[in-house]
Amino acid sequence: MGRAAVRRTGPVRTGPPQPPAPELVAELVAGAGLPDDFAAAADDESWDAALSDSLGAASKACGPHPLSPTIVLDESLTGLSGPIFSPAPAGEAALRAWDAVCVLLAEPGFFELRRASAGPPAFAAG
C-alpha cells in the first residue's frame, strides 16, 4: 500500500475490521461519479440482510472465500470469481465475453481459468 493510501485510510490495525470514515466514503462515491445518497447507504442497516444473503449465495456457489467480482447465475449451481478485464471490453466484444462466461459456468467440470496480467489496470477516463 502506498504512502498516500496509508495517509487516507489510516494505519494498519489488528482486530475486528472498522468501517471507513464517512468522509472517505463520500469522497470515493463522488470520485466514482455516483449519487451522494450512495455514501449514506454505507451505514444503512436495511441493506445488511440483502448483502448477507448475496455473500451467502456467493460462498455456496464459489466456496467459503469468494473473491470480487463474483458471478452466480440463477440457472447454475456454481459461481465464478471474475472475470477481470483491463481495459473492459465494450460492444460486441463484451457480449462475446459474457457468452463465454455463461458457457464456462454451465460446464459442471469447470472450476478455474487463470492468466497472468499484462500490466497495470487500465481504467476508462470518466
# chains A, B, ... in the order shown; residues from 1 in each chain; ligands from 1
call {"tool": "residues_around", "arguments": {"residues": "Glu23 (chain A)", "least_positions_apart": "5", "cutoff": "10 Å", "atoms": "only C-alpha atoms", "output": "count of residues only"}}
result
3
call {"tool": "select_by_dssp", "arguments": {"residues": "region 23-94 of chain A", "states": "alpha helix (DSSP H)", "output": "PyMOL selection string"}}
result
chain A and resi 23-31+37-41+48-62+91-94
call {"tool": "write_last_selection", "arguments": {"atoms": "N, CA and C atoms", "output": "short mmCIF file (atom, residue, chain, number, x, y, z; two decimals), in the first residue's frame"}}
result
data_model
loop_
_atom_site.label_atom_id
_atom_site.label_comp_id
_atom_site.auth_asym_id
_atom_site.auth_seq_id
_atom_site.Cartn_x
_atom_site.Cartn_y
_atom_site.Cartn_z
N GLU A 23 -16.26 10.49 5.66
CA GLU A 23 -15.67 11.44 4.72
C GLU A 23 -14.98 10.70 3.57
N LEU A 24 -14.30 9.61 3.90
CA LEU A 24 -13.63 8.82 2.87
C LEU A 24 -14.66 8.17 1.95
N VAL A 25 -15.72 7.63 2.53
CA VAL A 25 -16.78 7.01 1.72
C VAL A 25 -17.37 8.05 0.77
N ALA A 26 -17.68 9.24 1.27
CA ALA A 26 -18.24 10.29 0.43
C ALA A 26 -17.29 10.68 -0.70
N GLU A 27 -16.00 10.75 -0.39
CA GLU A 27 -15.00 11.10 -1.41
C GLU A 27 -14.92 10.02 -2.49
N LEU A 28 -14.95 8.76 -2.08
CA LEU A 28 -14.86 7.66 -3.04
C LEU A 28 -16.12 7.58 -3.91
N VAL A 29 -17.29 7.79 -3.31
CA VAL A 29 -18.54 7.79 -4.07
C VAL A 29 -18.52 8.92 -5.08
N ALA A 30 -18.13 10.11 -4.66
CA ALA A 30 -18.06 11.25 -5.58
C ALA A 30 -17.04 10.99 -6.69
N GLY A 31 -15.90 10.41 -6.32
CA GLY A 31 -14.86 10.12 -7.31
C GLY A 31 -15.30 9.11 -8.35
N ASP A 37 -26.30 9.99 -2.35
CA ASP A 37 -27.02 9.12 -1.42
C ASP A 37 -26.42 7.71 -1.35
N PHE A 38 -25.55 7.36 -2.28
CA PHE A 38 -24.85 6.07 -2.20
C PHE A 38 -23.96 6.04 -0.96
N ALA A 39 -23.36 7.18 -0.62
CA ALA A 39 -22.49 7.24 0.56
C ALA A 39 -23.30 6.99 1.82
N ALA A 40 -24.50 7.53 1.90
CA ALA A 40 -25.35 7.33 3.08
C ALA A 40 -25.74 5.87 3.22
N ALA A 41 -25.84 5.15 2.11
CA ALA A 41 -26.23 3.74 2.16
C ALA A 41 -25.19 2.88 2.85
N ASP A 48 -28.24 -4.71 5.15
CA ASP A 48 -27.44 -5.78 5.72
C ASP A 48 -27.95 -7.18 5.35
N ALA A 49 -29.24 -7.41 5.43
CA ALA A 49 -29.78 -8.75 5.13
C ALA A 49 -29.54 -9.12 3.68
N ALA A 50 -29.79 -8.18 2.76
CA ALA A 50 -29.58 -8.46 1.34
C ALA A 50 -28.11 -8.73 1.04
N LEU A 51 -27.21 -7.97 1.67
CA LEU A 51 -25.78 -8.19 1.46
C LEU A 51 -25.34 -9.54 2.04
N SER A 52 -25.85 -9.88 3.21
CA SER A 52 -25.51 -11.18 3.81
C SER A 52 -26.02 -12.33 2.95
N ASP A 53 -27.25 -12.20 2.42
CA ASP A 53 -27.80 -13.22 1.54
C ASP A 53 -26.96 -13.38 0.28
N SER A 54 -26.53 -12.25 -0.29
CA SER A 54 -25.72 -12.27 -1.51
C SER A 54 -24.37 -12.94 -1.25
N LEU A 55 -23.74 -12.59 -0.13
CA LEU A 55 -22.46 -13.21 0.22
C LEU A 55 -22.63 -14.70 0.48
N GLY A 56 -23.75 -15.08 1.11
CA GLY A 56 -24.04 -16.49 1.35
C GLY A 56 -24.20 -17.26 0.05
N ALA A 57 -24.89 -16.67 -0.93
CA ALA A 57 -25.06 -17.31 -2.24
C ALA A 57 -23.72 -17.45 -2.95
N ALA A 58 -22.88 -16.41 -2.85
CA ALA A 58 -21.55 -16.48 -3.48
C ALA A 58 -20.71 -17.55 -2.81
N SER A 59 -20.76 -17.65 -1.49
CA SER A 59 -19.99 -18.67 -0.78
C SER A 59 -20.47 -20.07 -1.13
N LYS A 60 -21.78 -20.24 -1.25
CA LYS A 60 -22.33 -21.55 -1.60
C LYS A 60 -21.89 -21.96 -3.01
N ALA A 61 -21.85 -20.99 -3.93
CA ALA A 61 -21.52 -21.28 -5.33
C ALA A 61 -20.02 -21.35 -5.59
N CYS A 62 -19.23 -20.55 -4.87
CA CYS A 62 -17.80 -20.42 -5.19
C CYS A 62 -16.87 -20.99 -4.12
N GLY A 91 -19.23 -3.18 -26.32
CA GLY A 91 -19.99 -3.58 -27.51
C GLY A 91 -20.00 -5.07 -27.74
N GLU A 92 -19.73 -5.47 -28.97
CA GLU A 92 -19.75 -6.88 -29.35
C GLU A 92 -18.73 -7.71 -28.58
N ALA A 93 -17.58 -7.13 -28.28
CA ALA A 93 -16.56 -7.85 -27.51
C ALA A 93 -17.08 -8.18 -26.11
N ALA A 94 -17.82 -7.26 -25.49
CA ALA A 94 -18.39 -7.51 -24.17
C ALA A 94 -19.43 -8.62 -24.24
#
call {"tool": "closest_residue", "arguments": {"among": "A:Ile71, A:Leu34, A:Ala88, A:Ala21", "to": "Pro121 (chain A)", "atoms": "only C-alpha atoms"}}
result
A:Ala88
call {"tool": "atom_distance", "arguments": {"atom1": "CA of Gly82 (chain A)", "atom2": "CA of Ser68 (chain A)"}}
result
6.7 Å
